[in-house]
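Next comes input.txt, a file with compact mmCIF, C-alpha atoms.
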# COMPACT_ATOMS: atom_id res chain seq x y z
CA MET U 1 68.72 91.92 89.03
CA ARG U 2 65.42 92.91 87.43
CA ALA U 3 65.08 92.12 83.75
CA ARG U 4 65.67 95.15 81.57
CA ALA U 5 62.57 96.60 79.96
CA LEU U 6 61.50 99.59 77.93
CA THR U 7 58.97 100.49 80.58
CA VAL U 8 59.67 103.66 82.56
CA VAL U 9 58.54 103.31 86.16
CA LEU U 10 58.04 106.62 87.97
CA LEU U 11 57.01 107.91 91.33
CA ALA U 12 53.80 109.88 91.12
CA SER U 13 55.64 112.80 92.72
CA SER U 14 58.55 112.71 90.28
CA ALA U 15 59.41 115.85 88.33
CA PHE U 16 61.47 115.94 85.15
CA ALA U 17 62.11 119.55 84.36
CA ALA U 18 64.65 122.32 83.83
CA ASP U 19 68.05 122.32 85.52
CA ALA U 20 67.87 122.17 89.30
CA PRO U 21 70.41 124.26 91.24
CA SER U 22 73.71 122.40 91.59
CA ALA U 23 76.77 122.74 93.79
CA VAL U 24 78.93 121.02 91.16
CA ASP U 25 81.65 123.59 90.42
CA TRP U 26 84.16 122.56 87.75
CA SER U 27 86.63 125.21 88.87
CA GLN U 28 87.21 122.99 91.89
CA VAL U 29 89.07 120.41 89.77
CA ASP U 30 92.18 122.57 89.50
CA ALA U 31 91.70 124.01 92.98
CA ILE U 32 91.63 120.59 94.64
CA ALA U 33 94.64 119.34 92.67
CA ALA U 34 96.63 122.47 93.49
CA ARG U 35 96.13 122.26 97.24
CA ILE U 36 97.10 118.60 97.69
CA GLU U 37 100.29 118.42 99.72
CA ARG U 38 103.19 116.22 98.58
CA PRO U 39 105.16 113.97 100.92
CA ARG U 40 108.12 115.55 102.70
CA ILE U 41 110.80 112.86 102.57
CA PRO U 42 114.55 113.46 103.00
CA SER U 43 116.55 113.16 99.79
CA ARG U 44 118.81 110.22 100.64
CA ASP U 45 118.83 106.63 99.46
CA PHE U 46 119.00 103.36 101.37
CA ARG U 47 119.48 100.53 98.90
CA VAL U 48 118.14 97.12 99.83
CA VAL U 49 121.11 94.75 100.06
CA GLY U 50 119.99 91.20 99.41
CA VAL U 51 119.48 88.47 96.84
CA ALA U 52 116.87 89.29 94.17
CA ASP U 53 116.54 85.83 92.63
CA GLY U 54 112.82 85.25 93.23
CA THR U 55 113.40 82.34 95.63
CA THR U 56 115.46 83.80 98.48
CA ASP U 57 113.41 85.60 101.11
CA ALA U 58 114.31 89.28 100.77
CA ARG U 59 111.87 90.49 103.42
CA PRO U 60 114.52 90.76 106.16
CA ALA U 61 116.70 92.89 103.88
CA ILE U 62 113.76 95.14 102.93
CA GLY U 63 112.80 95.52 106.58
CA ALA U 64 116.38 96.35 107.55
CA ALA U 65 116.57 99.12 104.94
CA ILE U 66 113.25 100.57 106.12
CA GLU U 67 114.49 100.44 109.73
CA GLN U 68 117.76 102.14 108.80
CA ALA U 69 115.98 104.89 106.85
CA SER U 70 113.47 105.46 109.63
CA ALA U 71 116.20 105.70 112.27
CA ALA U 72 117.93 108.33 110.15
CA GLY U 73 114.77 110.43 109.97
CA GLY U 74 113.49 109.09 106.66
CA GLY U 75 114.59 108.58 103.09
CA ARG U 76 114.16 106.50 99.95
CA VAL U 77 114.36 102.70 100.25
CA VAL U 78 115.45 101.43 96.82
CA LEU U 79 114.82 98.04 95.25
CA GLY U 80 117.12 97.45 92.28
CA ARG U 81 116.66 95.21 89.26
CA GLY U 82 115.61 91.63 89.98
CA THR U 83 112.80 89.73 91.69
CA TRP U 84 112.63 90.43 95.40
CA LEU U 85 110.60 87.73 97.16
CA SER U 86 108.92 88.86 100.37
CA GLN U 87 107.66 86.06 102.58
CA GLY U 88 105.22 88.29 104.38
CA PRO U 89 104.03 91.90 104.26
CA VAL U 90 106.12 95.02 103.83
CA HIS U 91 105.14 97.57 106.49
CA LEU U 92 106.11 101.17 105.76
CA ARG U 93 106.76 103.99 108.21
CA SER U 94 106.51 107.76 108.15
CA ARG U 95 108.92 109.69 105.91
CA ILE U 96 109.73 106.58 103.85
CA GLU U 97 109.61 106.28 100.05
CA LEU U 98 109.70 102.74 98.68
CA HIS U 99 111.20 103.06 95.19
CA LEU U 100 111.19 100.25 92.63
CA GLU U 101 113.74 100.84 89.91
CA GLU U 102 113.31 99.73 86.30
CA GLY U 103 113.29 95.93 86.25
CA ALA U 104 112.56 95.61 89.98
CA ARG U 105 109.77 93.21 90.93
CA LEU U 106 108.50 92.94 94.50
CA LEU U 107 106.96 89.47 94.55
CA PHE U 108 104.94 88.34 97.53
CA SER U 109 104.86 84.86 99.02
CA PRO U 110 101.82 82.72 98.08
CA ASP U 111 101.36 81.41 101.65
CA PRO U 112 98.55 83.21 103.56
CA ALA U 113 100.13 82.24 106.89
CA HIS U 114 102.97 84.66 106.14
CA TYR U 115 100.53 87.61 106.50
CA LEU U 116 99.80 87.04 110.18
CA PRO U 117 99.67 88.34 112.87
CA VAL U 118 96.50 90.31 112.24
CA VAL U 119 96.51 94.09 111.79
CA ARG U 120 93.83 96.73 111.97
CA THR U 121 92.25 97.27 108.58
CA ARG U 122 88.96 98.05 106.88
CA TRP U 123 87.44 95.23 104.85
CA GLU U 124 84.64 96.23 102.47
CA GLY U 125 83.80 99.17 104.71
CA THR U 126 83.94 97.50 108.15
CA GLU U 127 86.91 97.77 110.50
CA VAL U 128 88.43 94.44 111.48
CA MET U 129 91.58 92.77 112.78
CA THR U 130 92.67 90.42 110.01
CA TYR U 131 95.45 89.39 107.61
CA SER U 132 97.88 92.17 106.74
CA PRO U 133 97.70 93.88 103.37
CA LEU U 134 100.78 92.93 101.36
CA VAL U 135 102.11 96.52 101.48
CA TYR U 136 100.73 98.27 104.57
CA ALA U 137 101.17 101.49 106.50
CA ARG U 138 99.14 102.68 109.48
CA ASP U 139 98.89 106.19 110.92
CA VAL U 140 101.76 107.58 108.89
CA GLU U 141 102.85 110.89 107.43
CA ASP U 142 104.89 111.49 104.30
CA VAL U 143 104.87 108.09 102.61
CA ALA U 144 105.50 107.30 98.95
CA ILE U 145 105.67 104.24 96.71
CA THR U 146 107.25 105.11 93.38
CA GLY U 147 109.22 103.93 90.39
CA PRO U 148 108.74 101.99 87.17
CA GLY U 149 109.01 98.55 88.81
CA THR U 150 106.27 96.05 89.67
CA ILE U 151 104.43 95.04 92.84
CA ASP U 152 103.22 91.47 92.27
CA GLY U 153 100.75 89.77 94.59
CA ASN U 154 101.66 86.43 93.03
CA GLU U 155 99.49 84.70 90.45
CA GLY U 156 99.73 81.48 92.48
CA SER U 157 98.78 83.07 95.82
CA GLY U 158 96.74 80.93 98.16
CA PHE U 159 94.56 83.98 98.82
CA HIS U 160 93.00 83.69 95.36
CA ALA U 161 91.34 80.40 96.30
CA TRP U 162 89.59 82.12 99.22
CA HIS U 163 87.07 83.99 97.09
CA PRO U 164 84.44 81.20 97.14
CA LYS U 165 85.20 80.41 100.80
CA ALA U 166 84.72 83.88 102.28
CA GLU U 167 80.94 84.30 102.42
CA ALA U 168 80.43 83.06 106.00
CA ASP U 169 83.23 85.30 107.26
CA PHE U 170 82.17 88.49 105.52
CA ARG U 171 78.55 87.97 106.59
CA ARG U 172 79.69 87.53 110.19
CA LEU U 173 81.85 90.66 109.97
CA ARG U 174 79.04 92.72 108.45
CA LYS U 175 76.70 91.62 111.23
CA MET U 176 79.32 92.65 113.81
CA GLY U 177 79.64 96.09 112.22
CA PHE U 178 75.86 96.46 111.96
CA ASP U 179 75.44 95.51 115.63
CA GLY U 180 78.31 97.65 116.92
CA VAL U 181 80.49 94.79 118.20
CA PRO U 182 83.76 96.33 119.53
CA LEU U 183 86.76 96.14 117.22
CA ASP U 184 88.78 93.96 119.62
CA LYS U 185 86.10 91.29 119.22
CA ARG U 186 86.29 91.38 115.42
CA VAL U 187 89.36 89.19 114.99
CA PHE U 188 89.55 87.19 111.76
CA GLY U 189 92.84 85.34 111.78
CA GLU U 190 93.83 81.75 111.08
CA GLY U 191 90.92 79.68 109.78
CA THR U 192 89.10 82.67 108.25
CA HIS U 193 89.07 83.76 104.61
CA LEU U 194 89.03 87.55 104.19
CA ARG U 195 91.49 88.32 101.40
CA PRO U 196 93.79 91.32 101.99
CA PRO U 197 94.43 94.11 99.47
CA LEU U 198 97.71 94.40 97.64
CA LEU U 199 98.37 97.83 99.18
CA GLN U 200 96.63 99.74 101.94
CA ILE U 201 97.43 103.02 103.67
CA PHE U 202 95.30 102.98 106.83
CA GLY U 203 95.47 106.49 108.24
CA GLY U 204 97.90 108.82 106.53
CA ARG U 205 98.75 112.35 105.52
CA ARG U 206 100.70 113.30 102.41
CA VAL U 207 100.80 110.07 100.41
CA LEU U 208 102.17 109.53 96.90
CA LEU U 209 101.62 106.41 94.76
CA GLU U 210 103.36 106.92 91.43
CA GLY U 211 104.64 105.02 88.44
CA TYR U 212 104.62 101.36 89.42
CA THR U 213 102.74 98.43 87.94
CA ALA U 214 100.42 96.43 90.23
CA ARG U 215 99.55 92.83 89.37
CA HIS U 216 97.77 89.78 90.81
CA SER U 217 96.22 91.41 93.87
CA PRO U 218 94.38 89.07 96.25
CA PHE U 219 91.57 91.65 96.69
CA TRP U 220 91.34 95.43 96.19
CA VAL U 221 94.56 96.73 94.64
CA ASN U 222 95.36 100.23 95.98
CA HIS U 223 93.28 101.11 99.05
CA LEU U 224 93.44 104.53 100.75
CA VAL U 225 91.64 104.60 104.13
CA TYR U 226 91.46 107.75 106.30
CA VAL U 227 94.06 109.48 104.15
CA GLU U 228 94.39 113.24 103.70
CA HIS U 229 96.36 114.67 100.78
CA ALA U 230 97.04 111.78 98.42
CA THR U 231 98.29 111.70 94.84
CA VAL U 232 97.91 108.55 92.74
CA ARG U 233 99.63 109.10 89.41
CA GLY U 234 100.80 107.07 86.44
CA LEU U 235 100.05 103.60 87.80
CA ARG U 236 99.47 100.57 85.60
CA VAL U 237 97.05 98.17 87.26
CA ASP U 238 96.70 94.78 85.58
CA SER U 239 94.85 92.61 88.08
CA ARG U 240 91.82 90.61 86.99
CA PHE U 241 90.79 88.42 89.90
CA PRO U 242 87.38 88.91 91.60
CA ASN U 243 86.99 92.21 93.51
CA ASN U 244 90.17 93.67 92.00
CA ASP U 245 89.24 97.36 92.18
CA GLY U 246 92.10 99.47 90.83
CA VAL U 247 91.95 102.33 93.35
CA ASP U 248 89.59 102.56 96.34
CA VAL U 249 89.35 106.02 97.92
CA ASP U 250 87.78 105.27 101.30
CA SER U 251 86.90 107.97 103.86
CA SER U 252 89.70 110.11 102.44
CA ARG U 253 89.91 113.75 101.41
CA ASN U 254 91.97 115.87 99.03
CA VAL U 255 92.82 113.03 96.66
CA LEU U 256 93.99 113.13 93.02
CA VAL U 257 93.97 110.06 90.75
CA GLU U 258 95.41 110.83 87.33
CA ARG U 259 97.06 109.38 84.23
CA CYS U 260 96.68 105.74 85.29
CA VAL U 261 95.87 102.71 83.12
CA PHE U 262 93.51 100.13 84.59
CA THR U 263 92.71 96.59 83.53
CA THR U 264 90.79 95.21 86.48
CA GLY U 265 88.45 92.47 87.62
CA ASP U 266 86.08 95.04 89.14
CA ASP U 267 85.79 98.86 89.32
CA SER U 268 88.73 100.86 87.97
CA VAL U 269 88.28 103.72 90.48
CA VAL U 270 85.68 103.68 93.25
CA ILE U 271 84.89 106.11 96.07
CA LYS U 272 83.70 104.71 99.43
CA SER U 273 83.27 105.77 103.07
CA GLY U 274 82.39 102.81 105.30
CA ARG U 275 79.56 100.35 105.75
CA ASP U 276 76.37 100.50 107.82
CA LYS U 277 76.57 101.44 111.54
CA ASP U 278 80.35 101.09 111.61
CA GLY U 279 80.70 103.61 108.78
CA ARG U 280 78.08 105.98 110.21
CA ASP U 281 79.67 105.91 113.68
CA ILE U 282 83.15 106.66 112.31
CA GLY U 283 81.50 109.30 110.13
CA ARG U 284 84.41 110.20 107.86
CA PRO U 285 83.29 111.16 104.36
CA SER U 286 85.27 110.93 101.17
CA GLU U 287 85.41 114.45 99.79
CA HIS U 288 87.33 116.76 97.47
CA VAL U 289 88.46 114.02 95.09
CA VAL U 290 89.55 114.44 91.45
CA VAL U 291 89.85 111.50 89.02
CA ARG U 292 91.16 112.66 85.64
CA ASP U 293 92.94 111.57 82.46
CA ASN U 294 92.78 107.84 83.17
CA ASP U 295 92.35 104.89 80.78
CA MET U 296 89.95 102.38 82.33
CA GLY U 297 89.17 98.81 81.34
CA GLY U 298 87.70 95.92 83.28
CA GLU U 299 84.32 94.86 84.61
CA ASP U 300 83.20 98.39 85.59
CA GLY U 301 84.57 101.87 85.02
CA ILE U 302 83.94 104.29 87.89
CA ALA U 303 81.79 103.71 90.96
CA LEU U 304 80.50 105.21 94.19
CA GLY U 305 79.63 102.88 97.09
CA SER U 306 78.07 100.63 97.91
CA GLU U 307 79.97 101.29 101.16
CA MET U 308 79.16 105.00 101.53
CA SER U 309 77.70 105.31 105.03
CA GLY U 310 80.08 108.11 106.04
CA GLY U 311 79.05 110.21 103.03
CA ILE U 312 80.65 111.18 99.71
CA ARG U 313 80.72 114.73 98.37
CA HIS U 314 82.53 117.07 96.00
CA VAL U 315 83.95 114.39 93.72
CA TYR U 316 84.95 115.19 90.11
CA PHE U 317 85.60 112.65 87.36
CA THR U 318 86.86 114.35 84.21
CA ASP U 319 88.54 113.50 80.89
CA ASN U 320 88.66 109.73 81.31
CA VAL U 321 88.39 106.88 78.80
CA LEU U 322 86.21 103.84 79.59
CA ARG U 323 86.91 100.86 77.33
CA SER U 324 84.27 98.13 77.75
CA GLY U 325 82.61 96.00 80.40
CA ALA U 326 79.46 95.60 82.45
CA SER U 327 78.76 99.12 83.81
CA ALA U 328 80.52 102.31 82.75
CA ILE U 329 79.19 104.34 85.72
CA ARG U 330 77.85 102.41 88.71
CA PHE U 331 76.54 104.11 91.86
CA LYS U 332 75.35 101.79 94.66
CA THR U 333 73.77 101.64 98.12
CA ASN U 334 71.05 99.85 100.12
CA LEU U 335 68.81 100.32 103.16
CA ASP U 336 71.50 99.11 105.58
CA ARG U 337 73.79 102.03 104.76
CA GLY U 338 72.47 105.51 105.51
CA GLY U 339 74.72 108.36 104.40
CA THR U 340 74.48 110.95 101.63
CA VAL U 341 76.22 111.20 98.26
CA GLU U 342 76.04 114.66 96.72
CA HIS U 343 77.77 117.22 94.50
CA ILE U 344 79.26 114.75 92.03
CA GLY U 345 80.49 115.90 88.61
CA VAL U 346 81.28 113.53 85.73
CA ARG U 347 82.31 115.03 82.36
CA ASN U 348 84.36 114.66 79.17
CA PHE U 349 84.23 110.88 78.88
CA LYS U 350 84.89 108.68 75.88
CA VAL U 351 83.05 105.40 76.39
CA GLY U 352 83.27 102.17 74.39
CA SER U 353 80.85 99.25 74.74
CA PHE U 354 79.06 98.53 78.03
CA LYS U 355 75.93 96.67 79.12
CA THR U 356 74.86 99.76 81.07
CA LEU U 357 76.06 103.35 80.73
CA PHE U 358 74.63 104.96 83.90
CA TRP U 359 73.46 102.52 86.58
CA PHE U 360 72.07 103.74 89.89
CA GLN U 361 71.69 100.54 91.90
CA LEU U 362 70.33 102.23 95.02
CA ASP U 363 68.31 99.19 96.04
CA TYR U 364 71.38 96.96 96.32
CA PRO U 365 70.24 93.86 98.25
CA SER U 366 69.85 94.57 101.97
CA GLU U 367 71.59 91.86 103.96
CA LEU U 368 70.63 92.78 107.51
CA GLY U 369 67.13 94.24 107.29
CA GLY U 370 68.15 97.81 108.11
CA HIS U 371 66.05 100.87 107.41
CA PHE U 372 68.55 103.69 106.93
CA PRO U 373 67.73 105.27 103.56
CA ALA U 374 70.77 106.68 101.77
CA ARG U 375 70.52 109.77 99.57
CA TYR U 376 72.09 110.27 96.16
CA ARG U 377 71.53 113.81 94.85
CA ASP U 378 73.02 116.67 92.84
CA ILE U 379 74.86 114.68 90.18
CA VAL U 380 75.87 116.12 86.80
CA PHE U 381 76.94 114.12 83.72
CA GLU U 382 78.09 116.13 80.74
CA ASN U 383 79.91 115.73 77.45
CA PHE U 384 79.86 111.97 76.88
CA GLU U 385 80.78 110.33 73.58
CA VAL U 386 79.52 106.73 73.73
CA ALA U 387 79.78 103.88 71.23
CA ASP U 388 77.10 101.36 72.21
CA VAL U 389 75.30 100.29 75.36
CA GLY U 390 72.57 97.90 76.32
CA THR U 391 70.83 100.41 78.63
CA LEU U 392 71.57 104.13 78.67
CA LEU U 393 70.19 105.03 82.12
CA GLU U 394 68.90 102.55 84.68
CA VAL U 395 67.74 103.67 88.13
CA HIS U 396 66.31 101.60 90.94
CA ALA U 397 65.88 103.55 94.18
CA PRO U 398 63.68 102.95 97.23
CA ARG U 399 60.49 104.99 97.43
CA GLU U 400 61.58 106.67 100.67
CA ALA U 401 64.92 107.82 99.19
CA PRO U 402 64.50 108.57 95.48
CA LEU U 403 67.42 109.60 93.33
CA SER U 404 67.15 113.37 92.90
CA ASP U 405 68.56 116.33 90.99
CA VAL U 406 70.43 114.60 88.18
CA ILE U 407 71.44 116.35 84.96
CA LEU U 408 72.50 114.64 81.72
CA ARG U 409 73.91 117.21 79.31
CA ASP U 410 75.56 116.70 75.91
CA VAL U 411 75.42 112.91 76.05
CA ARG U 412 75.79 111.35 72.57
CA VAL U 413 75.20 107.59 72.29
CA ALA U 414 75.65 105.83 68.97
CA SER U 415 73.47 102.86 69.94
CA ALA U 416 71.32 101.87 72.94
CA LYS U 417 68.96 98.89 73.00
CA THR U 418 67.04 100.20 76.03
CA PRO U 419 67.19 103.95 76.61
CA LEU U 420 65.59 104.23 80.07
CA VAL U 421 64.58 102.09 83.04
CA LEU U 422 63.60 104.42 85.89
CA GLU U 423 62.22 103.64 89.33
CA ASN U 424 61.85 106.41 91.92
CA VAL U 425 63.58 109.47 90.47
CA GLU U 426 62.97 113.14 91.18
CA ARG U 427 64.09 116.14 89.12
CA LEU U 428 65.85 114.48 86.22
CA THR U 429 67.02 116.85 83.46
CA PHE U 430 68.04 115.91 79.90
CA ASP U 431 69.83 118.59 77.88
CA ARG U 432 70.99 117.57 74.40
CA VAL U 433 70.92 113.81 74.99
CA THR U 434 70.86 111.83 71.74
CA VAL U 435 70.77 108.17 70.69
CA ALA U 436 71.80 107.42 67.10
CA GLY U 437 71.59 111.15 66.44
CA ARG U 438 67.98 111.47 67.63
CA PRO U 439 67.04 113.50 70.73
CA LEU U 440 66.08 111.58 73.84
CA ASP U 441 63.86 113.62 76.12
CA ALA U 442 63.39 113.10 79.83
CA PRO U 443 60.05 111.40 80.45
CA ARG U 444 57.27 113.34 82.08
CA ALA U 445 56.03 112.47 85.54
CA ALA U 446 52.67 110.82 85.90
CA PRO U 447 49.90 113.28 86.79
When written as structure tokens, how does the structure in this file appear?
Amino acid sequence: MRARALTVVLLASSAFAADAPSAVDWSQVDAIAARIERPRIPSRDFRVVGVADGTTDARPAIGAAIEQASAAGGGRVVLGRGTWLSQGPVHLRSRIELHLEEGARLLFSPDPAHYLPVVRTRWEGTEVMTYSPLVYARDVEDVAITGPGTIDGNEGSGFHAWHPKAEADFRRLRKMGFDGVPLDKRVFGEGTHLRPPLLQIFGGRRVLLEGYTARHSPFWVNHLVYVEHATVRGLRVDSRFPNNDGVDVDSSRNVLVERCVFTTGDDSVVIKSGRDKDGRDIGRPSEHVVVRDNDMGGEDGIALGSEMSGGIRHVYFTDNVLRSGASAIRFKTNLDRGGTVEHIGVRNFKVGSFKTLFWFQLDYPSELGGHFPARYRDIVFENFEVADVGTLLEVHAPREAPLSDVILRDVRVASAKTPLVLENVERLTFDRVTVAGRPLDAPRAAP
């Protein structure tokens, strides 16, 4: 990363002026939340009958209860108090609710071999056949995971040791996606090192994730891919390994994330939509998303991208608390991606101590030499109460795709060492932005 500096670097064509027209409409927050459909699951219970001692494999008993509920047309599969060891993934079906009662702990085996055979998934924005997510559902309707219990990826999981071993595999996969290699040729099974997420819904309609605690994920924690109508509510995510995003909303629409508590090794909540050619060809944006009333701690707070090739639009973050970390708000892309991010509203935030408050890293390192400029535009930040930051606003965008039409309104920062580092920005508006009580004005473009 470039060294921070007080210098403001501007395009000659940049304009910093009055509010540009915006499609950010805060009335959509309640409208989106109101129209999200809930799962339709029959009201009958199927209790898992097995030994919950943490050493006996309970996966057959869990699978049998899911099978029984599915054969009956759906219902609630209940895990009672105790530690239920699953030596392999739990695969859900349509019209199934997996419910973890108080004191129930679903603990996953530490052996990566238990998560084969491969399944179809999306790994950092590229579709692939690889190790199964620990809880997985594909092409389902009416699925829920609920209850006050815990889903535990296992602190001693062999997957955790794969983080430093994965680079050759993820570079090979990214090249396959960039080149358009067919999915059936993208098989990463035994001998490869792509860590699976704790939970992934891959293709779904009417999904509810509510109430449980998620711990020790191998990779991303709660991953929604190609999902329509999803509610994520009241989760506690305490997972601090590398790449442990709390919730990843990926090419999904009509999604609500609310009243969750995050302590994560990476972003608390991040919106994505696929990587490079693979993401552009699939072409499914993330849109109509609300993230509200969450308590966020970890490396970063909220993020967009960097996998955003299918587009992101009409996303609202409101009334959240960001504790401390590297970047409070981090929006990312590079020249391999393409895609457009627009109509993003971020308001009513209480922010603690971060190295960077607003970071637009739109020149993320290009890995494959692509030239598909991505656009970030029409973004509104308003009503921020901030303790202290290293840099208030840092933007690095390519000359051919400058960041454009950004408004900062009612942003109050107690302390900032470096107010602004700007490279390639158009139409940036400051309205009542202060640092230590003193107004900070948007810089003027060079003549």
Given only C-alpha atoms as the basis, pick out the residue of U:Trp26, U:Trp162, U:Phe202, U:Tyr376 nearest to His91 of chain U. U:Phe202
For segment 82-86 of chain U, please output as an MDAnalysis selection string all residues within 10 Å (counting all atoms listed in the file; exclusion window: fewer than 6 positions along the same chain). chainID U and resid 48 50:63 101:110 114 134 149:152 154
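Taking atom CA of Pro196 of chain U and atom CA of Val49 of chain U as the two end points, the separation is 27.6 Å.
Atom CA of Ile41 of chain U to atom CA of Gly74 of chain U spans 6.2 Å [interatomic distance, one decimal].
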With all atoms listed in the file counted and 12 Å as the cut-off, give the residues of segment 176-234 of chain U in contact with segment 307-316 of chain U, each with its shortest interatomic distance in Å and the pair that gives it, as CSV.
residue,atom,partner,partner_atom,distance
U:Gly177,CA,U:Ser309,CA,11.9
U:Phe178,CA,U:Ser309,CA,11.4
U:Tyr226,CA,U:Gly310,CA,11.4
Identify, on the basis of all atoms listed in the file, every residue whose closest approach to segment 278-286 of chain U does not exceed 10 Å; exclude the query and any residue fewer than 3 positions from it along the same chain; express the result as an mmCIF file with C-alpha atoms, in the frame of the given file.
data_model
loop_
_atom_site.group_PDB
_atom_site.id
_atom_site.type_symbol
_atom_site.label_atom_id
_atom_site.label_comp_id
_atom_site.auth_asym_id
_atom_site.auth_seq_id
_atom_site.Cartn_x
_atom_site.Cartn_y
_atom_site.Cartn_z
ATOM 1 C CA GLY U 125 83.800 99.170 104.710
ATOM 2 C CA THR U 126 83.940 97.500 108.150
ATOM 3 C CA GLU U 127 86.910 97.770 110.500
ATOM 4 C CA ARG U 174 79.040 92.720 108.450
ATOM 5 C CA MET U 176 79.320 92.650 113.810
ATOM 6 C CA GLY U 177 79.640 96.090 112.220
ATOM 7 C CA PHE U 178 75.860 96.460 111.960
ATOM 8 C CA ASP U 179 75.440 95.510 115.630
ATOM 9 C CA GLY U 180 78.310 97.650 116.920
ATOM 10 C CA VAL U 181 80.490 94.790 118.200
ATOM 11 C CA PRO U 182 83.760 96.330 119.530
ATOM 12 C CA LEU U 183 86.760 96.140 117.220
ATOM 13 C CA VAL U 225 91.640 104.600 104.130
ATOM 14 C CA TYR U 226 91.460 107.750 106.300
ATOM 15 C CA VAL U 227 94.060 109.480 104.150
ATOM 16 C CA GLU U 228 94.390 113.240 103.700
ATOM 17 C CA VAL U 249 89.350 106.020 97.920
ATOM 18 C CA ASP U 250 87.780 105.270 101.300
ATOM 19 C CA SER U 251 86.900 107.970 103.860
ATOM 20 C CA SER U 252 89.700 110.110 102.440
ATOM 21 C CA ARG U 253 89.910 113.750 101.410
ATOM 22 C CA ASN U 254 91.970 115.870 99.030
ATOM 23 C CA VAL U 255 92.820 113.030 96.660
ATOM 24 C CA ILE U 271 84.890 106.110 96.070
ATOM 25 C CA LYS U 272 83.700 104.710 99.430
ATOM 26 C CA SER U 273 83.270 105.770 103.070
ATOM 27 C CA GLY U 274 82.390 102.810 105.300
ATOM 28 C CA ARG U 275 79.560 100.350 105.750
ATOM 29 C CA VAL U 289 88.460 114.020 95.090
ATOM 30 C CA GLU U 307 79.970 101.290 101.160
ATOM 31 C CA MET U 308 79.160 105.000 101.530
ATOM 32 C CA SER U 309 77.700 105.310 105.030
ATOM 33 C CA GLY U 310 80.080 108.110 106.040
ATOM 34 C CA GLY U 311 79.050 110.210 103.030
ATOM 35 C CA ILE U 312 80.650 111.180 99.710
ATOM 36 C CA ARG U 313 80.720 114.730 98.370
ATOM 37 C CA HIS U 314 82.530 117.070 96.000
ATOM 38 C CA VAL U 315 83.950 114.390 93.720
ATOM 39 C CA ARG U 337 73.790 102.030 104.760
ATOM 40 C CA GLY U 338 72.470 105.510 105.510
ATOM 41 C CA GLY U 339 74.720 108.360 104.400
ATOM 42 C CA THR U 340 74.480 110.950 101.630
ATOM 43 C CA VAL U 341 76.220 111.200 98.260
#
